[in-house]
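J.: Just passing along the structure, written as structure tokens.
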Amino acid sequence: MWGRKRPSIFDIFESFTRGTPFEREEFEDDWFRSTFEDMIRRFEEDIEEMPEEYSGFVTEERTPEGVSRRYGPFVYGFSCTAEPGKEPVFQEFGNIRPSYRGIEPSQGREPLVDVMDEQDKYRIFVELPGVEKDKVKLDVAENSVQIRTEDERKFYKRIELESPVDADSAKASYKNGVLTVELVRKEQPKGKEVRVE
Amino acid sequence: MYGGSDWNPAPRTRKGRYPTANIDRSDEEWFRGGLGNMVRMFGSDLPKEFEKLTRTVQGPKSDVRERVGPFVYGFSYTQEPGKEPIFQEFGNIRPSYRGIEPIQGREPLADIRDKGDFYEISVELPGVNKEDIALDFYEDSFIVDTKGDNRFHGRSVLWHEVNPDTAKASYRNGILEITVEKKEEWKHKGPEGTSIAIE
């Protein structure tokens, strides 16, 4: 069944639907692990010239037997929000992404985001645990919001907004690892009603 | 109520492959088919466990809507030298052979680092006030439980036994940092136990 060469994250999820590794009598760990091991091997091939954004995944410790390396934690997840009459909204988060090579580290960990579409504004909650307030960089444009952290923990996320907002109205606060952003929706220009003669 | 085949979260997409097996990731059938089905069922019959995830919001056109979620699921994977890789799940739903099920409270993401004599543990609890965190330590595990809107609940098991009296914890910027000493017999032994000279 697992004849395909590179299982992706979604194969891992699918496997869970047949029971998580803990529920199962027989732990088919080979293919599951090999996905991560493939990625780790790619890290090791190039450990000297590893791009800086990946180095957060590797911790080196000197032991009497030599250097030992700890890899991870690699994190992947998704969230889902639903409103009646609309397609459910799915968002991914984490520091790895599925790719044609199996799994790849992403540039900066993607945070868990919740966008609330309210009467005259958007309220956006972004989980950035472990980041200092002054290391959070927030850019608001008319149709998008970009969040970046310049701390040890690097997060990155760009959120596209369905309707334009007034960037000057943006208010943001950060508490207990959660960034809250409030954006006032721009008033839609009213067209002039033309009477049909 | 929400078990059974209707809830099978992973119907096969065409050709029996998943969207990301292709490079084109715009195809989200996997998600839509599985979680989407689950979510649609909420309209008629919302499991009690999910009620806390429902919020009423006033939409752009002054319409009042029921918003459900966010449902969160994720996993982390850590590989340490000389050990079995550590696989942990987190979130407030769980895929299982019975379908997707809610769990009580959202399970937090925890990173457990073996430092030889002690463990260093980071638990992510974003949006929680310090006063609302309860941490209970046992010789082989610990339980984190929080109060408030954003409830977290989780238990993690440690590789070696520890001395619960030595546990120290602090909370800052959404992360609970814990250190705890191992029991004497496990100190200095490293991840692979004691190496015995063969005579």
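By convention in this document, the chains of the structure tokens carry letters A, B, ... by their order, each chain's residues are numbered from 1, and ligands are numbered from 1 in the order they are shown.
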Neighbouring residues of Lys175 (chain A) were defined as those with any atom within 9 Å, considering only C-alpha atoms; residues of the same chain fewer than 2 positions away were excluded. Please report them as a PyMOL selection string.
T.: (chain A and resi 133+173+177-180) or (chain B and resi 126-128+173-174)
J.: Could you save the residues just selected, with C-alpha atoms, as a PDB file, in the first residue's frame?
T.:
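Written output follows (result.pdb):
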```
ATOM      1  CA  LYS A 133       6.710  41.954  22.506  1.00  0.00           C
ATOM      2  CA  SER A 173      -1.636  44.204  21.451  1.00  0.00           C
ATOM      3  CA  GLY A 177       2.011  34.864  23.685  1.00  0.00           C
ATOM      4  CA  VAL A 178      -1.025  35.974  21.682  1.00  0.00           C
ATOM      5  CA  LEU A 179      -1.017  38.913  19.267  1.00  0.00           C
ATOM      6  CA  THR A 180      -4.422  40.543  18.784  1.00  0.00           C
TER       7      THR A 180
ATOM      8  CA  PRO B 126      -0.638  30.916  24.455  1.00  0.00           C
ATOM      9  CA  GLY B 127      -3.395  33.189  25.726  1.00  0.00           C
ATOM     10  CA  VAL B 128      -3.467  31.830  29.268  1.00  0.00           C
ATOM     11  CA  ASN B 173       5.015  35.095  26.856  1.00  0.00           C
ATOM     12  CA  GLY B 174       2.754  32.088  26.570  1.00  0.00           C
TER      13      GLY B 174
END
```
J.: Listing only residues of chain A within 6 Å of chain B, what is the closest atom pair and its distance in Å (to one decimal) for each, using only C-alpha atoms, sorted by chain and residue number ascending, as a Markdown table?
T.:
```
| residue | atom | partner | partner_atom | distance |
| --- | --- | --- | --- | --- |
| A:Phe16 | CA | B:Ser96 | CA | 5.8 |
| A:Thr17 | CA | B:Tyr97 | CA | 4.7 |
| A:Arg18 | CA | B:Tyr97 | CA | 4.5 |
| A:Gly19 | CA | B:Tyr97 | CA | 4.5 |
| A:Arg70 | CA | B:Glu80 | CA | 4.6 |
| A:Tyr71 | CA | B:Gln79 | CA | 5.1 |
| A:Gly72 | CA | B:Thr78 | CA | 4.5 |
| A:Pro73 | CA | B:Thr78 | CA | 4.6 |
| A:Phe74 | CA | B:Tyr77 | CA | 5.1 |
| A:Val75 | CA | B:Ser76 | CA | 4.3 |
| A:Tyr76 | CA | B:Gly74 | CA | 5.3 |
| A:Gly77 | CA | B:Gly74 | CA | 3.6 |
| A:Phe78 | CA | B:Tyr73 | CA | 5.7 |
| A:Ser79 | CA | B:Val72 | CA | 4.3 |
| A:Cys80 | CA | B:Phe71 | CA | 5.1 |
| A:Thr81 | CA | B:Gly69 | CA | 4.5 |
| A:Ala82 | CA | B:Val68 | CA | 5.1 |
| A:Glu83 | CA | B:Arg67 | CA | 4.8 |
| A:Tyr100 | CA | B:Ile23 | CA | 5.8 |
| A:Glu118 | CA | B:Gly59 | CA | 4.7 |
| A:Gln119 | CA | B:Pro60 | CA | 3.9 |
| A:Pro129 | CA | B:Gly174 | CA | 4.7 |
| A:Gly130 | CA | B:Asn173 | CA | 5.2 |
| A:Asn176 | CA | B:Gly174 | CA | 4.4 |
| A:Gly177 | CA | B:Gly174 | CA | 4.1 |
| A:Val178 | CA | B:Gly127 | CA | 5.5 |
```
J.: Kindly save the residues from that selection, with C-alpha atoms included, as a compact mmCIF listing (two decimals), in the first residue's frame.
T.:
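Output file out.txt is given in full below:
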```txt
# COMPACT_ATOMS: atom_id res chain seq x y z
CA PHE A 16 -3.87 7.96 11.92
CA THR A 17 -7.37 7.37 10.71
CA ARG A 18 -6.55 3.71 10.97
CA GLY A 19 -5.55 4.37 14.55
CA ARG A 70 19.04 16.53 18.48
CA TYR A 71 16.63 17.25 15.64
CA GLY A 72 13.31 18.93 16.17
CA PRO A 73 10.75 19.48 17.36
CA PHE A 74 9.23 19.45 13.90
CA VAL A 75 5.69 20.71 14.14
CA TYR A 76 2.82 20.48 11.71
CA GLY A 77 -0.87 21.05 12.18
CA PHE A 78 -3.99 22.58 10.80
CA SER A 79 -7.00 24.42 12.13
CA CYS A 80 -10.52 24.57 10.79
CA THR A 81 -13.27 27.13 11.37
CA ALA A 82 -16.76 26.93 9.96
CA GLU A 83 -19.67 29.26 9.51
CA TYR A 100 7.26 16.83 -3.45
CA GLU A 118 -17.07 41.04 12.25
CA GLN A 119 -19.57 43.76 11.46
CA PRO A 129 4.43 31.75 22.15
CA GLY A 130 7.91 32.53 23.43
CA ASN A 176 0.71 35.91 27.08
CA GLY A 177 2.01 34.86 23.68
CA VAL A 178 -1.03 35.97 21.68
```
J.: Using DSSP on the backbone coordinates, identify the residues of region 62-194 of chain B assigned to strand (DSSP E); present them as a short mmCIF file (atom, residue, chain, number, x, y, z; two decimals) with N, CA and C atoms, in the first residue's frame.
T.:
```
data_model
loop_
_atom_site.label_atom_id
_atom_site.label_comp_id
_atom_site.auth_asym_id
_atom_site.auth_seq_id
_atom_site.Cartn_x
_atom_site.Cartn_y
_atom_site.Cartn_z
N VAL B 64 -26.28 37.71 12.07
CA VAL B 64 -25.75 37.00 13.23
C VAL B 64 -25.48 35.56 12.82
N ARG B 65 -24.26 35.12 13.06
CA ARG B 65 -23.90 33.78 12.61
C ARG B 65 -23.32 32.98 13.75
N GLU B 66 -23.47 31.69 13.62
CA GLU B 66 -22.82 30.78 14.55
C GLU B 66 -21.50 30.39 13.92
N ARG B 67 -20.44 30.60 14.67
CA ARG B 67 -19.13 30.28 14.13
C ARG B 67 -18.59 29.13 14.96
N VAL B 68 -18.13 28.09 14.31
CA VAL B 68 -17.63 26.92 15.02
C VAL B 68 -16.13 26.79 14.80
N GLY B 69 -15.42 26.62 15.88
CA GLY B 69 -13.99 26.39 15.75
C GLY B 69 -13.20 27.44 16.50
N PRO B 70 -11.91 27.54 16.35
CA PRO B 70 -11.12 26.67 15.49
C PRO B 70 -10.87 25.29 16.10
N PHE B 71 -10.96 24.29 15.23
CA PHE B 71 -10.52 22.96 15.58
C PHE B 71 -9.05 22.88 15.23
N VAL B 72 -8.28 22.34 16.11
CA VAL B 72 -6.84 22.33 15.89
C VAL B 72 -6.31 20.91 16.05
N TYR B 73 -5.48 20.49 15.11
CA TYR B 73 -4.78 19.21 15.28
C TYR B 73 -3.36 19.36 14.75
N GLY B 74 -2.42 18.82 15.47
CA GLY B 74 -1.06 18.85 14.97
C GLY B 74 -0.22 17.80 15.66
N PHE B 75 0.98 17.63 15.17
CA PHE B 75 1.90 16.72 15.85
C PHE B 75 3.31 17.29 15.80
N SER B 76 4.12 16.84 16.72
CA SER B 76 5.53 17.21 16.68
C SER B 76 6.36 15.93 16.68
N TYR B 77 7.58 16.04 16.17
CA TYR B 77 8.46 14.89 16.03
C TYR B 77 9.86 15.34 16.39
N THR B 78 10.47 14.64 17.32
CA THR B 78 11.82 15.00 17.75
C THR B 78 12.69 13.76 17.73
N GLN B 79 13.89 13.90 17.22
CA GLN B 79 14.81 12.76 17.20
C GLN B 79 16.04 13.08 18.03
N ILE B 86 10.61 10.80 19.31
CA ILE B 86 9.46 11.15 20.14
C ILE B 86 8.39 11.78 19.26
N PHE B 87 7.23 11.19 19.30
CA PHE B 87 6.11 11.66 18.51
C PHE B 87 5.02 12.12 19.47
N GLN B 88 4.54 13.35 19.30
CA GLN B 88 3.49 13.85 20.20
C GLN B 88 2.40 14.53 19.39
N GLU B 89 1.18 14.34 19.81
CA GLU B 89 0.07 15.03 19.17
C GLU B 89 -0.40 16.18 20.03
N PHE B 90 -0.99 17.19 19.41
CA PHE B 90 -1.61 18.25 20.20
C PHE B 90 -2.83 18.78 19.46
N GLY B 91 -3.60 19.63 20.13
CA GLY B 91 -4.81 20.17 19.52
C GLY B 91 -6.06 19.78 20.29
N ASN B 92 -7.23 20.12 19.74
CA ASN B 92 -8.47 19.79 20.43
C ASN B 92 -9.33 18.76 19.70
N ILE B 93 -8.81 18.21 18.63
CA ILE B 93 -9.47 17.06 18.00
C ILE B 93 -8.43 15.98 17.76
N ARG B 94 -8.87 14.78 17.54
CA ARG B 94 -7.94 13.67 17.39
C ARG B 94 -8.44 12.75 16.30
N PRO B 95 -7.65 12.54 15.27
CA PRO B 95 -8.06 11.52 14.31
C PRO B 95 -7.87 10.14 14.93
N SER B 96 -8.81 9.27 14.75
CA SER B 96 -8.64 7.92 15.27
C SER B 96 -9.38 6.97 14.35
N GLY B 99 -12.87 7.75 13.63
CA GLY B 99 -13.19 9.02 12.99
C GLY B 99 -12.52 10.14 13.75
N ILE B 100 -12.96 11.35 13.54
CA ILE B 100 -12.38 12.47 14.25
C ILE B 100 -13.17 12.71 15.53
N GLU B 101 -12.48 12.83 16.63
CA GLU B 101 -13.16 12.97 17.91
C GLU B 101 -12.65 14.21 18.64
N PRO B 102 -13.57 14.82 19.40
CA PRO B 102 -13.12 15.95 20.21
C PRO B 102 -12.41 15.45 21.46
N ILE B 103 -11.50 16.23 21.99
CA ILE B 103 -10.95 15.88 23.29
C ILE B 103 -11.19 17.05 24.23
N GLN B 104 -11.19 16.74 25.52
CA GLN B 104 -11.49 17.76 26.52
C GLN B 104 -10.32 18.72 26.64
N GLY B 105 -10.54 19.97 26.32
CA GLY B 105 -9.45 20.92 26.39
C GLY B 105 -8.50 20.69 25.24
N ARG B 106 -7.74 21.69 24.92
CA ARG B 106 -6.78 21.56 23.83
C ARG B 106 -5.46 21.05 24.40
N GLU B 107 -4.93 20.03 23.77
CA GLU B 107 -3.67 19.46 24.25
C GLU B 107 -2.52 20.36 23.81
N ALA B 110 4.32 20.35 23.70
CA ALA B 110 5.36 20.32 24.73
C ALA B 110 6.67 19.84 24.12
N ASP B 111 7.77 20.47 24.52
CA ASP B 111 9.10 20.05 24.07
C ASP B 111 9.87 19.62 25.31
N ILE B 112 10.30 18.35 25.34
CA ILE B 112 10.98 17.81 26.52
C ILE B 112 12.43 17.53 26.15
N ARG B 113 13.36 18.19 26.85
CA ARG B 113 14.78 18.03 26.52
C ARG B 113 15.51 17.35 27.67
N ASP B 114 16.22 16.26 27.35
CA ASP B 114 16.97 15.49 28.34
C ASP B 114 18.34 16.12 28.51
N PHE B 118 18.89 16.34 34.51
CA PHE B 118 17.53 16.91 34.66
C PHE B 118 16.86 17.03 33.30
N TYR B 119 15.57 17.33 33.36
CA TYR B 119 14.81 17.61 32.15
C TYR B 119 14.50 19.10 32.07
N GLU B 120 14.49 19.60 30.85
CA GLU B 120 14.08 20.97 30.58
C GLU B 120 12.85 20.84 29.67
N ILE B 121 11.74 21.42 30.09
CA ILE B 121 10.48 21.21 29.38
C ILE B 121 9.85 22.56 29.05
N SER B 122 9.43 22.74 27.80
CA SER B 122 8.68 23.95 27.42
C SER B 122 7.28 23.53 26.97
N VAL B 123 6.27 24.12 27.58
CA VAL B 123 4.89 23.82 27.21
C VAL B 123 4.26 25.10 26.68
N GLU B 124 3.72 25.05 25.47
CA GLU B 124 3.14 26.25 24.86
C GLU B 124 1.69 26.42 25.29
N ILE B 133 -2.97 28.55 35.52
CA ILE B 133 -2.26 27.32 35.15
C ILE B 133 -2.10 26.43 36.37
N ALA B 134 -2.47 25.17 36.23
CA ALA B 134 -2.21 24.19 37.28
C ALA B 134 -1.25 23.14 36.71
N LEU B 135 -0.15 22.91 37.44
CA LEU B 135 0.84 21.93 37.00
C LEU B 135 1.03 20.89 38.10
N ASP B 136 0.82 19.62 37.76
CA ASP B 136 0.99 18.54 38.73
C ASP B 136 2.08 17.60 38.26
N PHE B 137 3.04 17.38 39.12
CA PHE B 137 4.15 16.51 38.74
C PHE B 137 4.07 15.15 39.43
N SER B 141 5.57 11.45 35.05
CA SER B 141 4.81 12.27 34.10
C SER B 141 4.40 13.58 34.76
N PHE B 142 3.78 14.45 33.95
CA PHE B 142 3.20 15.66 34.52
C PHE B 142 1.92 16.01 33.78
N ILE B 143 1.04 16.74 34.48
CA ILE B 143 -0.24 17.13 33.91
C ILE B 143 -0.35 18.64 33.96
N VAL B 144 -0.70 19.25 32.82
CA VAL B 144 -0.94 20.69 32.76
C VAL B 144 -2.42 20.90 32.51
N ASP B 145 -3.03 21.79 33.29
CA ASP B 145 -4.44 22.08 33.13
C ASP B 145 -4.63 23.58 33.30
N THR B 146 -5.40 24.21 32.43
CA THR B 146 -5.62 25.65 32.58
C THR B 146 -7.10 25.96 32.62
N HIS B 153 -5.38 21.17 28.28
CA HIS B 153 -5.24 20.05 29.20
C HIS B 153 -4.36 18.99 28.55
N GLY B 154 -3.34 18.57 29.26
CA GLY B 154 -2.49 17.53 28.66
C GLY B 154 -1.61 16.84 29.67
N ARG B 155 -1.23 15.60 29.33
CA ARG B 155 -0.33 14.84 30.19
C ARG B 155 0.82 14.35 29.33
N SER B 156 2.03 14.52 29.82
CA SER B 156 3.19 14.01 29.10
C SER B 156 3.96 13.05 29.99
N VAL B 157 4.44 11.98 29.38
CA VAL B 157 5.19 10.96 30.12
C VAL B 157 6.67 11.17 29.87
N LYS B 168 10.56 22.99 39.05
CA LYS B 168 10.43 24.45 39.12
C LYS B 168 9.81 24.91 37.82
N ALA B 169 8.90 25.88 37.91
CA ALA B 169 8.22 26.33 36.69
C ALA B 169 8.08 27.84 36.66
N SER B 170 8.16 28.41 35.46
CA SER B 170 7.89 29.84 35.29
C SER B 170 7.13 30.03 33.99
N TYR B 171 6.35 31.10 33.93
CA TYR B 171 5.51 31.34 32.75
C TYR B 171 5.80 32.73 32.20
N ARG B 172 6.06 32.78 30.89
CA ARG B 172 6.34 34.06 30.25
C ARG B 172 6.00 33.98 28.78
N ILE B 175 4.63 30.73 27.33
CA ILE B 175 5.34 29.45 27.45
C ILE B 175 5.61 29.14 28.92
N LEU B 176 5.26 27.91 29.31
CA LEU B 176 5.57 27.43 30.65
C LEU B 176 6.89 26.67 30.57
N GLU B 177 7.91 27.20 31.28
CA GLU B 177 9.23 26.55 31.28
C GLU B 177 9.38 25.78 32.58
N ILE B 178 9.75 24.51 32.47
CA ILE B 178 9.86 23.66 33.66
C ILE B 178 11.24 23.02 33.70
N THR B 179 11.84 22.93 34.88
CA THR B 179 12.99 22.05 35.03
C THR B 179 12.68 21.08 36.16
N VAL B 180 13.15 19.86 36.02
CA VAL B 180 12.91 18.86 37.06
C VAL B 180 14.09 17.89 37.07
N GLU B 181 14.54 17.56 38.27
CA GLU B 181 15.70 16.65 38.39
C GLU B 181 15.27 15.21 38.26
#
```
J.: To one decimal place in Å, what is the distance between CA of Glu182 (chain A) and CA of Ser106 (chain A)?
T.: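 Atom-to-atom, CA of Glu182 (chain A) and CA of Ser106 (chain A) are spaced 27.3 Å apart.
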J.: Step one, run DSSP on the backbone; step two, keep only residues of region 99-192 of chain A assigned to helix (DSSP H, G or I); then write them as JSON, numbers by chain.
T.: {"A": [133, 134, 135, 167, 168, 169]}
J.: List the neighbours of Glu44 (chain A) out to 10 Å using only C-alpha atoms; skip same-chain residues closer than 6 positions along the sequence, and give me the result as a list in words.
T.: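 Skipping anything fewer than 6 positions along the chain leaves Asp38, Met50, Val58 and Arg69 of chain A.
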J.: What's around Lys157 (chain A) at 10 Å? Count only C-alpha atoms, leave out sequence neighbours fewer than 3 positions away in its own chain, and write the answer as a PyMOL selection string.
T.: chain A and resi 93+108-113+126+138+145-149+160
J.: With only C-alpha atoms as the atoms that count, which of B:Lys187, B:Phe152, B:Lys182, B:Glu131 lies nearest to Ala167 (chain B)?
T.: B:Lys182
J.: Show me, as an mmCIF file with C-alpha atoms, in the first residue's frame, the residues that have an atom within 10 Å of Asp140 (chain B) when counting only C-alpha atoms, minus same-chain residues fewer than 5 positions from it.
T.:
```cif
data_model
loop_
_atom_site.group_PDB
_atom_site.id
_atom_site.type_symbol
_atom_site.label_atom_id
_atom_site.label_comp_id
_atom_site.auth_asym_id
_atom_site.auth_seq_id
_atom_site.Cartn_x
_atom_site.Cartn_y
_atom_site.Cartn_z
ATOM 1 C CA SER B 156 3.195 14.010 29.098
ATOM 2 C CA VAL B 157 5.187 10.964 30.123
ATOM 3 C CA LEU B 158 8.921 11.230 30.802
ATOM 4 C CA TRP B 159 11.533 8.716 29.739
ATOM 5 C CA HIS B 160 13.217 8.483 33.166
ATOM 6 C CA GLU B 161 11.704 8.813 36.626
ATOM 7 C CA VAL B 162 12.064 12.208 38.256
ATOM 8 C CA ASN B 163 11.848 13.687 41.730
ATOM 9 C CA PRO B 164 8.623 15.755 41.660
ATOM 10 C CA LYS B 182 15.891 12.984 37.577
#
```
J.: Please indicate the distance in Å from CA of Arg62 (chain A) to CA of Ile40 (chain A), rounded to one decimal place.
T.: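 Between CA of Arg62 (chain A) and CA of Ile40 (chain A) the gap is 19.1 Å.
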